[in-house]
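> Here it is, the structure, as structure tokens.
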Amino acid sequence: MKHVIIGNGPAGVVAAEALRKADAAAEIVLIGAEPEPAYSRMAIPYLLEGNIDESGTWLRKTEGHFARLRIRELQARVVSMNTTQRKLLLADGQFETYDRLLIASGSHPVRPSIPGIDLPQVQTCWTLADARAIASLAKPGTRVLQLGAGFIGCIIMEALAARGVELTVVEMGDRMVPRMMTPKAGGMIKQWVESKGVRVLTGKGVQRIAPAGANPGLLDRLAQAVGVGAKSEASGLTVTLSDGEALGCDLVIVAAGVAPNVGFLENTGVQVAKGVLVDSRMQTTVAGIYAAGDVAEAPDLLTGAHLVAAIQPNAADQARVAALNMAGREAQLPGVLAINVLDTLGLVSTSFGQWWGETAQNGGAGTELVDSANHRYLSLQFKDDVLIGATSIGHTEHVGVLRGLIQTRTRLGSWKDALLKDPNCYMAAYLASAQRAA
Amino acid sequence: MQKSLHIDANKCTGCLQCEMACSYENHGVFNISKSRIKVFNFEHAGRKVPYTCTQCSEAWCMTACPVDAIRIDAGTGAKAVHEDICVGCKVCTIACPFGTVNYIAETGKVQKCDLCGGEPACADACPTGAITYVDADWTGLDKMRAWAGKTDTQPRATA
């Protein structure tokens, strides 16, 4: 049996290891498109902060790890495939055959169609190559405009701030991390970040990026006239926002979302919506072909709605289930639980599940505890007596039980009322109801 | 023979010696807020419940780690955080459904129980035998994951 895995990010690597564990004899090929050892994009911000070197981003640190497991690493880009002949066409013209295939090709950053988006000083922050470029461009005092303050944007923001750049963040949504945080929590994060010296503009987009001086806006000309916009004149950019404001900067970082890498699946029968559609065994619409991680679109555990959940714990769970099925074992994943944790310049926030709650007529109820002075926040959302979602700021102790309670659909009984009165007692509620410890 | 922590909440008096010992063992100070084992106090039920990592076989913390910083200790079977590799991303803290991995802001790293390399300070410190370090299959149960169910002999707290 020959297993081929497209993509050597967390999903690909976990799947390869799980396959080897399940089948000692199988042939396993792990394809990565970048000229790097298998690494974690999630670690890139820490590389930019200088906390680790490039080897710190590697997914496996032990020398010869993949060779020891007899996993063949192949650096190649898959351009198309023939599902009848079970054959992949690679960019260098070579073919690779497979018996079972895992699509773990991940995602790529989206560059919104804005004039000037392809200028050399406009960078995404996604690959190690991107990180190297940003490291050479973002020096202390460099004026950086970051487009997007979603989850990934906020992580990048932390790294940029640590590099001592002069940072402005522009977010189209009405708050920071709008797809992960409640309005209140998003507002608290914005306040915190602003207090740390980052300029945050929400509810605004970028209309145009142009070399400075090419067609300077009024503000830019004014700034230059009073001598504050003259810095890095030669290589500078002028960014025009949707409200007409023009900002001078040296570097634009695009963090406006990501999209699954599905281009090579055109005309293959592998059905793609936003990502590759999979069932609870992580099998695609073509038998023998599976998908996992950021490229896969699976039903949400709570709502049943198909979603791409681009988080590492989900990638690892999906990869393990896909690998077991590829090896002929029985394994299912009942659904994806969206969970996230974020550190914005020292303020730690989390979100779990259906954090936005459920309507009262569907049995929904919730509570929100705001402690602005201490930068703490907790929102718990219930359906009947089951926790379905949570958002927190400033909580770093035992937050995992919020996942535990949601995932196991623990009936809270009278603890629900206790939590509505004091959401902070979630650990006691967990011990008493999920672990039956009291 | 692999060993695991066995917790019998019925024997716990809430003296917090385990938390003190854990803090001293791992941080060199007697500061229970740094402890990796926590005793929860259920006042209404008059019950104290020590709680820490079960070293579960699924090890969501380990597969959630993006940089291979959580690894199985060959000697004890514990899932141990390698602080020199941990980047402090905190993904393990939300991935662990048991809530036993915590982020420590001062160090910028996460911490969890690592069984003290095979000599758990909490078990040594416990004066009542509520925390013991025993052969993993001593109870015939899947490690100590079922510990709480086993101690379920008291009336439920109703808050």
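Here's how to read the names in the structure tokens: chain A, B, ... by the order shown, residue numbers from 1 in each chain, ligand numbers from 1 in the order shown.
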Tell me which protein, DNA and RNA residues are within 7 Å of B:Ala125, counting only C-alpha atoms, leaving out same-chain ones fewer than 4 positions away, and put them as an mmCIF file with all heavy atoms, in the first residue's frame.

data_model
loop_
_atom_site.group_PDB
_atom_site.id
_atom_site.type_symbol
_atom_site.label_atom_id
_atom_site.label_comp_id
_atom_site.auth_asym_id
_atom_site.auth_seq_id
_atom_site.Cartn_x
_atom_site.Cartn_y
_atom_site.Cartn_z
ATOM 1 N N GLN B 17 -0.261 21.006 51.032
ATOM 2 C CA GLN B 17 1.148 20.617 51.014
ATOM 3 C C GLN B 17 1.586 20.228 49.602
ATOM 4 O O GLN B 17 2.728 20.471 49.209
ATOM 5 C CB GLN B 17 1.377 19.437 51.974
ATOM 6 C CG GLN B 17 1.271 19.783 53.446
ATOM 7 C CD GLN B 17 2.349 20.754 53.903
ATOM 8 O OE1 GLN B 17 3.502 20.615 53.551
ATOM 9 N NE2 GLN B 17 1.945 21.769 54.652
ATOM 10 N N CYS B 18 0.686 19.617 48.859
ATOM 11 C CA CYS B 18 1.036 19.193 47.495
ATOM 12 C C CYS B 18 1.356 20.393 46.609
ATOM 13 O O CYS B 18 2.321 20.386 45.836
ATOM 14 C CB CYS B 18 -0.091 18.356 46.887
ATOM 15 S SG CYS B 18 -1.706 19.179 46.880
ATOM 16 N N ALA B 21 4.697 21.827 47.660
ATOM 17 C CA ALA B 21 5.800 20.967 47.227
ATOM 18 C C ALA B 21 6.034 21.092 45.731
ATOM 19 O O ALA B 21 7.173 21.157 45.260
ATOM 20 C CB ALA B 21 5.502 19.517 47.602
ATOM 21 N N ALA B 121 6.776 15.236 43.732
ATOM 22 C CA ALA B 121 6.907 15.913 45.018
ATOM 23 C C ALA B 121 5.568 15.998 45.743
ATOM 24 O O ALA B 121 5.511 15.960 46.971
ATOM 25 C CB ALA B 121 7.491 17.313 44.806
#
> Enumerate as number ranges by chain the residues belonging to chain A that approach chain B to within 7 Å, with only C-alpha atoms taken into account.
A: 40, 42-43, 46, 56-61, 312-313, 316, 341, 396-401, 403-404, 414-415, 418, 435-438
> When DSSP works through the backbone of this structure, what residues of stretch 53-95 of chain B end up as helix (DSSP H, G or I), shown as a PyMOL selection string?
chain B and resi 60-64+91-95
> Go through stretch 79-135 of chain A and collect every residue that DSSP, computed from the backbone, puts in strand (DSSP E); the answer should be as a list in words.
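Put together, the selection reads Val79, Ser80, Met81, Asn82, Lys87, Leu88, Leu89, Leu90, Phe95, Glu96, Thr97, Arg100, Leu101, Leu102, Ile103, Ser107, His108, Pro109, Val122, Gln123 and Thr124 of chain A.
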> Just want the 10 Å neighbourhood of B:Cys12, counted on only C-alpha atoms, with same-chain residues fewer than 4 positions away dropped. Output as a VMD selection string.
chain B and resid 7 to 8 16 39 47 to 50 126 to 131
> Using N, CA, C and O atoms, can you export the residues from the last selection as a compact mmCIF listing (two decimals), in the first residue's frame?

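Once written, result-v2.txt looks like this:
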# COMPACT_ATOMS: atom_id res chain seq x y z
N ILE B 7 -5.16 9.63 42.80
CA ILE B 7 -5.71 10.63 43.72
C ILE B 7 -6.99 10.11 44.35
O ILE B 7 -7.91 9.66 43.66
N ASP B 8 -7.03 10.13 45.66
CA ASP B 8 -8.22 9.74 46.40
C ASP B 8 -8.72 10.97 47.16
O ASP B 8 -8.26 11.28 48.26
N LEU B 16 -2.94 21.67 51.28
CA LEU B 16 -2.17 22.32 50.22
C LEU B 16 -0.67 22.03 50.27
O LEU B 16 0.12 22.73 49.63
N VAL B 39 -5.72 22.09 44.39
CA VAL B 39 -6.77 21.49 45.22
C VAL B 39 -8.00 22.40 45.13
O VAL B 39 -7.92 23.59 45.45
N ARG B 47 -15.84 19.22 50.48
CA ARG B 47 -14.95 18.30 49.78
C ARG B 47 -13.76 19.06 49.18
O ARG B 47 -13.92 20.14 48.62
N LYS B 48 -12.57 18.47 49.30
CA LYS B 48 -11.38 19.03 48.66
C LYS B 48 -10.95 18.05 47.57
O LYS B 48 -10.87 16.84 47.83
N VAL B 49 -10.68 18.57 46.40
CA VAL B 49 -10.36 17.70 45.28
C VAL B 49 -9.03 18.10 44.63
O VAL B 49 -8.97 19.10 43.92
N PRO B 50 -7.97 17.35 44.86
CA PRO B 50 -6.70 17.62 44.15
C PRO B 50 -6.86 17.22 42.68
O PRO B 50 -7.50 16.22 42.37
N CYS B 126 2.19 14.68 50.49
CA CYS B 126 0.82 14.48 50.97
C CYS B 126 0.83 13.68 52.28
O CYS B 126 1.29 12.53 52.31
N PRO B 127 0.33 14.28 53.36
CA PRO B 127 0.41 13.60 54.66
C PRO B 127 -0.68 12.56 54.87
O PRO B 127 -0.61 11.77 55.81
N THR B 128 -1.70 12.53 54.02
CA THR B 128 -2.84 11.64 54.28
C THR B 128 -2.96 10.51 53.27
O THR B 128 -3.91 9.73 53.33
N GLY B 129 -2.05 10.45 52.31
CA GLY B 129 -2.14 9.41 51.31
C GLY B 129 -3.22 9.66 50.26
O GLY B 129 -3.64 8.74 49.56
N ALA B 130 -3.67 10.92 50.15
CA ALA B 130 -4.66 11.24 49.12
C ALA B 130 -4.03 11.21 47.73
O ALA B 130 -4.68 10.91 46.74
N ILE B 131 -2.73 11.54 47.70
CA ILE B 131 -2.00 11.49 46.43
C ILE B 131 -0.91 10.45 46.57
O ILE B 131 -0.02 10.55 47.42
> Set the distance at 6 Å and use only C-alpha atoms: which residues neighbour stretch 234-246 of chain A once local chain neighbours fewer than 2 positions away are removed? I'd like the list as a list in words.
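The filter keeps Lys204, Gly205, Val206, Gln207, Arg208, Ile209, Ala210, Pro211, Ala212, Gly217, Leu219, Ser232, Gly248, Cys249 and Asp250 of chain A.
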> Hey, what's within 9 Å of stretch 294-310 of chain A if we count only C-alpha atoms and toss same-chain stuff fewer than 4 positions away? As number ranges by chain, please?
A: 11, 103-107, 259-262, 272-280, 282, 284, 290, 314-315, 318, 334-339, 353-354, 388, 406-407
> Which distance in Å separates atom CA of A:Ala322 and atom CA of A:Asn267, to one decimal?
22.8 Å
> A:Pro112: which residues within 9 Å, counting only C-alpha atoms, same-chain residues fewer than 3 positions away excluded, as a PyMOL selection string?
chain A and resi 117+254+256
> Contacts of A:Ser349 at 7 Å or less, counting only C-alpha atoms, minus same-chain residues fewer than 4 places along, as a ChimeraX atom specification?
/A:341-343,392-394
> So that I have them on file, write out the residues from the current selection with N, CA and C atoms, as a compact mmCIF listing (two decimals), in the first residue's frame.

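Once written, out.txt looks like this:
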# COMPACT_ATOMS: atom_id res chain seq x y z
N VAL A 341 -6.68 30.65 20.63
CA VAL A 341 -6.04 31.41 21.71
C VAL A 341 -5.13 32.44 21.06
N LEU A 342 -5.09 33.61 21.67
CA LEU A 342 -4.39 34.73 21.06
C LEU A 342 -3.68 35.50 22.15
N ASP A 343 -2.49 36.02 21.82
CA ASP A 343 -1.76 36.87 22.74
C ASP A 343 -1.49 38.18 22.01
N SER A 392 -12.84 34.47 26.42
CA SER A 392 -12.21 34.96 27.63
C SER A 392 -11.08 35.91 27.30
N ILE A 393 -10.82 36.83 28.23
CA ILE A 393 -9.61 37.65 28.18
C ILE A 393 -8.99 37.61 29.57
N GLY A 394 -7.67 37.40 29.61
CA GLY A 394 -6.96 37.43 30.89
C GLY A 394 -7.06 36.15 31.68
> Between atom CA of A:Met176 and atom CA of A:Asn51, what is the distance in Å, rounded to a tenth?
25.2 Å
> Kindly indicate which residue among B:Arg36, B:Tyr133, B:Glu83, B:Asn31 lies nearest to B:Thr107, using only C-alpha atoms for the distances.
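Looking at the shortest contact to B:Thr107, the residue is B:Glu83.
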